[in-house]
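Chemist: This is the structure I want to talk about, given as C-alpha cells.
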Amino acid sequence: MATLRIRSKGPAVKRLQKLLKARGFDPGGIDGVFGAGTEAAVLAFQRSEGLLADGIVGPRTAGMLARKKPGSLASALDQATPAVVSAMFPHTPLGNIKRNLPYVLAALKKSKLHDRMMILMALATIRAETESFEPIAEGRSRFNTSPNGHPFDLYDNRRDLGNRGKPDGERYRGRGYVQLTGRFNYGKYGKMIGLGNRLVREPELASDPKVAGELLAAFLEPQERRIKEALTKSDYAGARRIVNGGTHGIDRFTDAFLIGAGLIT
C-alpha cells in the first residue's frame, strides 16, 4: 500500500477504510476519500497499537492494519543531495557538505534512520550545533573555563559528566556534530557505535567525520519515537531539547528543518 494521508483518493483509500472498519475504527464512510473521518480513525488505530500517531498510513501502520509484519519506512536518503543540504545550510561552504555528508547518510542508513523525518532531524541538528557542517571541538567560553583557570576547568569535576578532575574537562570537551561531552558519554556512546573503550582513550576520534556521523545517529536512534512525536506537532523546540537538553540553536534548527521539509518529500 502506498503512503496515504489526508486528501489522498482512490481504491487504495477505499481498501484502507474497509480495513479500519473491520478492525473497529469506523472512518465514517467507504468512499475512497481520505478525509477528516478517515484521519481520525487512523489516529485512533495508531494510538491503540502504540504506533506514532501522525494520521499517515505508511508501511508500519499498513502492516499492523493488515495483521502483517510492519514494513520498513521508505528511505529518503537519495533526496538528501549536496544541493538540497546546501539550501538547508545557506551560510556553509558547499565543499564542507560534499566532504562530510556521505558519512552522515551512511550512519543514518546503518541505524535505519533513513525516513524523511529523521533525515531532516539529523541535518537540522547539525545546523544547530555545527553550522559549518564539520565535526568540531568545543571552544573555550565562560561556561567551561573560569576567569583564572586552565582551559575547561569548569568541566574537570563535573560528576554528572563522569569526569574525575584535571585533565578530564579539556580531554572530554564537546566534540562532533552533537558535541559529545564528558568521560561518561565518551564511554557510553563509544560502545554503542562499536568502538568499545577506544573513544575514552582517544577522545579526538569524536571529531573524525565517520565517527561523528555514527555518534549523531547513536544519539538520535533511542529517541526516534519521542522526536517524531514532537515533530508531528511542529514542536521544534521540544525535538531540539530531546537531543540538546535545551534550545541552543533553535532558530537555525527550525530554519533548516522547514527548508528541508519543502525539498525532501
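Just remember, in the C-alpha cells the first chain shown is A, the second B, etc., residues are 1-based per chain, and ligands are 1-based in the order shown.
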As a count of residues only, please: the residues near range 135-141 of chain A (cut-off 9 Å, only C-alpha atoms, same-chain neighbours under 2 positions excluded).
Modeler: 25
Chemist: As a list in words, please: the residues near Leu19 in chain A (cut-off 7 Å, only C-alpha atoms, same-chain neighbours under 4 positions excluded).
Modeler: Arg15, Arg23 and Leu65 of chain A
Chemist: Okay, now the selection with N, CA and C atoms, as a tab-separated table (two decimals), in the first residue's frame?
Modeler:
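Output file selection-v7.tsv follows:
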chain	number	residue	atom	x	y	z
A	15	ARG	N	-9.72	0.66	0.27
A	15	ARG	CA	-9.25	-0.55	0.96
A	15	ARG	C	-8.86	-0.23	2.39
A	23	ARG	N	-11.41	-3.46	11.70
A	23	ARG	CA	-10.67	-3.51	12.96
A	23	ARG	C	-11.38	-2.74	14.07
A	65	LEU	N	-2.40	-2.82	10.32
A	65	LEU	CA	-3.81	-2.92	9.93
A	65	LEU	C	-4.10	-4.26	9.28
Chemist: Would you list the contacts of Pro11 in chain A as a VMD selection string, taking every protein, DNA or RNA residue within 9 Å and counting only C-alpha atoms, but skipping same-chain residues closer than 5 positions in sequence?
Modeler: chain A and resid 16 31 to 33
Chemist: Between A:Lys210, A:His150, A:Arg47, A:Arg225, which has the minimum distance to Tyr103 in chain A (counting only C-alpha atoms)?
Modeler: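 Ranked by minimum distance to Tyr103 in chain A, first place goes to A:Lys210.
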Chemist: Rounded to one decimal, what separation in Å do you get between CA of Leu43 in chain A and CA of Ala261 in chain A?
Modeler: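 Pair CA of Leu43 in chain A / CA of Ala261 in chain A returns 22.0 Å.
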Chemist: Which residue gives the smallest distance to Leu123 in chain A among A:Val85, A:Ile30, A:Leu195, A:Ile56, with only C-alpha atoms counted?
Modeler: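 Nearest candidate to Leu123 in chain A out of A:Val85, A:Ile30, A:Leu195, A:Ile56: A:Val85.
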Chemist: Could you please determine the separation between CA of Arg226 in chain A and CA of Tyr155 in chain A in Å, to one decimal place?
Modeler: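 Computing it gives 29.0 Å between the two atoms.
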Chemist: Please return, as number ranges by chain, all residues of range 27-171 of chain A that DSSP assigns to alpha helix (DSSP H) on the basis of the backbone.
Modeler: A: 36-49, 59-65, 82-88, 94-110, 116-129, 153-156, 168-171
Chemist: Suppose we keep C-alpha atoms; can you now write the selection as a PDB file, in the first residue's frame?
Modeler:
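And here is the file that came out, out-v2.pdb:
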ATOM      1  CA  ALA A  36     -11.258  14.029   8.447  1.00  0.00           C
ATOM      2  CA  GLY A  37     -13.188  10.888   9.447  1.00  0.00           C
ATOM      3  CA  THR A  38     -10.581   8.566   7.969  1.00  0.00           C
ATOM      4  CA  GLU A  39      -7.783  10.550   9.576  1.00  0.00           C
ATOM      5  CA  ALA A  40      -9.478  10.322  12.975  1.00  0.00           C
ATOM      6  CA  ALA A  41      -9.899   6.562  12.579  1.00  0.00           C
ATOM      7  CA  VAL A  42      -6.228   6.188  11.582  1.00  0.00           C
ATOM      8  CA  LEU A  43      -5.115   8.231  14.577  1.00  0.00           C
ATOM      9  CA  ALA A  44      -7.244   6.117  16.922  1.00  0.00           C
ATOM     10  CA  PHE A  45      -5.865   2.894  15.444  1.00  0.00           C
ATOM     11  CA  GLN A  46      -2.281   4.139  15.714  1.00  0.00           C
ATOM     12  CA  ARG A  47      -2.741   5.082  19.363  1.00  0.00           C
ATOM     13  CA  SER A  48      -4.359   1.726  20.054  1.00  0.00           C
ATOM     14  CA  GLU A  49      -1.378  -0.129  18.593  1.00  0.00           C
ATOM     15  CA  PRO A  59       4.382   0.776   5.887  1.00  0.00           C
ATOM     16  CA  ARG A  60       4.214   0.345   9.664  1.00  0.00           C
ATOM     17  CA  THR A  61       0.575   1.355  10.055  1.00  0.00           C
ATOM     18  CA  ALA A  62      -0.467  -0.531   6.913  1.00  0.00           C
ATOM     19  CA  GLY A  63       1.271  -3.683   8.144  1.00  0.00           C
ATOM     20  CA  MET A  64      -0.411  -3.516  11.524  1.00  0.00           C
ATOM     21  CA  LEU A  65      -3.807  -2.925   9.929  1.00  0.00           C
ATOM     22  CA  PRO A  82      24.564  18.162  -1.521  1.00  0.00           C
ATOM     23  CA  ALA A  83      22.410  20.686  -3.393  1.00  0.00           C
ATOM     24  CA  VAL A  84      19.424  20.095  -1.104  1.00  0.00           C
ATOM     25  CA  VAL A  85      21.560  20.181   2.048  1.00  0.00           C
ATOM     26  CA  SER A  86      23.265  23.347   0.801  1.00  0.00           C
ATOM     27  CA  ALA A  87      19.844  25.016   0.674  1.00  0.00           C
ATOM     28  CA  MET A  88      19.349  23.984   4.312  1.00  0.00           C
ATOM     29  CA  LEU A  94      29.452  23.510  -0.382  1.00  0.00           C
ATOM     30  CA  GLY A  95      32.796  21.713  -0.160  1.00  0.00           C
ATOM     31  CA  ASN A  96      32.244  21.003   3.546  1.00  0.00           C
ATOM     32  CA  ILE A  97      28.865  19.469   2.755  1.00  0.00           C
ATOM     33  CA  LYS A  98      30.190  17.338  -0.098  1.00  0.00           C
ATOM     34  CA  ARG A  99      33.051  16.101   2.075  1.00  0.00           C
ATOM     35  CA  ASN A 100      31.072  15.189   5.192  1.00  0.00           C
ATOM     36  CA  LEU A 101      27.516  14.409   4.067  1.00  0.00           C
ATOM     37  CA  PRO A 102      28.295  10.846   2.856  1.00  0.00           C
ATOM     38  CA  TYR A 103      29.428   9.858   6.356  1.00  0.00           C
ATOM     39  CA  VAL A 104      26.258  11.255   7.921  1.00  0.00           C
ATOM     40  CA  LEU A 105      23.973   9.494   5.439  1.00  0.00           C
ATOM     41  CA  ALA A 106      25.871   6.209   5.830  1.00  0.00           C
ATOM     42  CA  ALA A 107      25.421   6.377   9.604  1.00  0.00           C
ATOM     43  CA  LEU A 108      21.692   7.112   9.285  1.00  0.00           C
ATOM     44  CA  LYS A 109      21.294   4.198   6.894  1.00  0.00           C
ATOM     45  CA  LYS A 110      23.154   1.862   9.246  1.00  0.00           C
ATOM     46  CA  ARG A 116      12.228  11.743   5.754  1.00  0.00           C
ATOM     47  CA  MET A 117      11.553  12.950   9.287  1.00  0.00           C
ATOM     48  CA  MET A 118      14.723  11.538  10.852  1.00  0.00           C
ATOM     49  CA  ILE A 119      16.911  12.748   7.986  1.00  0.00           C
ATOM     50  CA  LEU A 120      15.531  16.245   8.474  1.00  0.00           C
ATOM     51  CA  MET A 121      16.063  15.924  12.230  1.00  0.00           C
ATOM     52  CA  ALA A 122      19.673  14.849  11.801  1.00  0.00           C
ATOM     53  CA  LEU A 123      20.538  17.599   9.337  1.00  0.00           C
ATOM     54  CA  ALA A 124      18.755  20.305  11.336  1.00  0.00           C
ATOM     55  CA  THR A 125      20.633  19.137  14.441  1.00  0.00           C
ATOM     56  CA  ILE A 126      23.937  19.540  12.623  1.00  0.00           C
ATOM     57  CA  ARG A 127      22.973  23.066  11.553  1.00  0.00           C
ATOM     58  CA  ALA A 128      22.084  23.977  15.135  1.00  0.00           C
ATOM     59  CA  GLU A 129      25.303  22.548  16.560  1.00  0.00           C
ATOM     60  CA  ASP A 153      38.490  23.666  34.269  1.00  0.00           C
ATOM     61  CA  LEU A 154      34.775  24.077  34.976  1.00  0.00           C
ATOM     62  CA  TYR A 155      34.257  20.654  33.394  1.00  0.00           C
ATOM     63  CA  ASP A 156      37.054  18.905  35.323  1.00  0.00           C
ATOM     64  CA  ASP A 168      39.121  15.391  32.067  1.00  0.00           C
ATOM     65  CA  GLY A 169      37.467  18.734  31.361  1.00  0.00           C
ATOM     66  CA  GLU A 170      39.611  19.509  28.339  1.00  0.00           C
ATOM     67  CA  ARG A 171      40.100  15.884  27.332  1.00  0.00           C
TER      68      ARG A 171
END
Chemist: Could you tell me which of A:Thr265, A:Gly24, A:Gly245, A:Leu113 comes closest to Leu220 in chain A if we count only C-alpha atoms?
Modeler: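 So, comparing all the options, the nearest one is A:Leu113.
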Chemist: List as a list in words the protein and nucleic acid residues near Lys188 in chain A, meaning an atom at most 10 Å away when only C-alpha atoms are counted, but skip any in the same chain fewer than 6 places from it.
Modeler: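 Close residues of Lys188 in chain A: Leu195, Gly196, Asn197, Leu199 and Val200 of chain A.
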Chemist: Find the spatial neighbours of range 232-244 of chain A, counting only C-alpha atoms, within a cut-off of 7 Å - ignore same-chain residues fewer than 5 positions away - and output them as a ChimeraX atom specification.
Modeler: /A:54,219,227,250,254
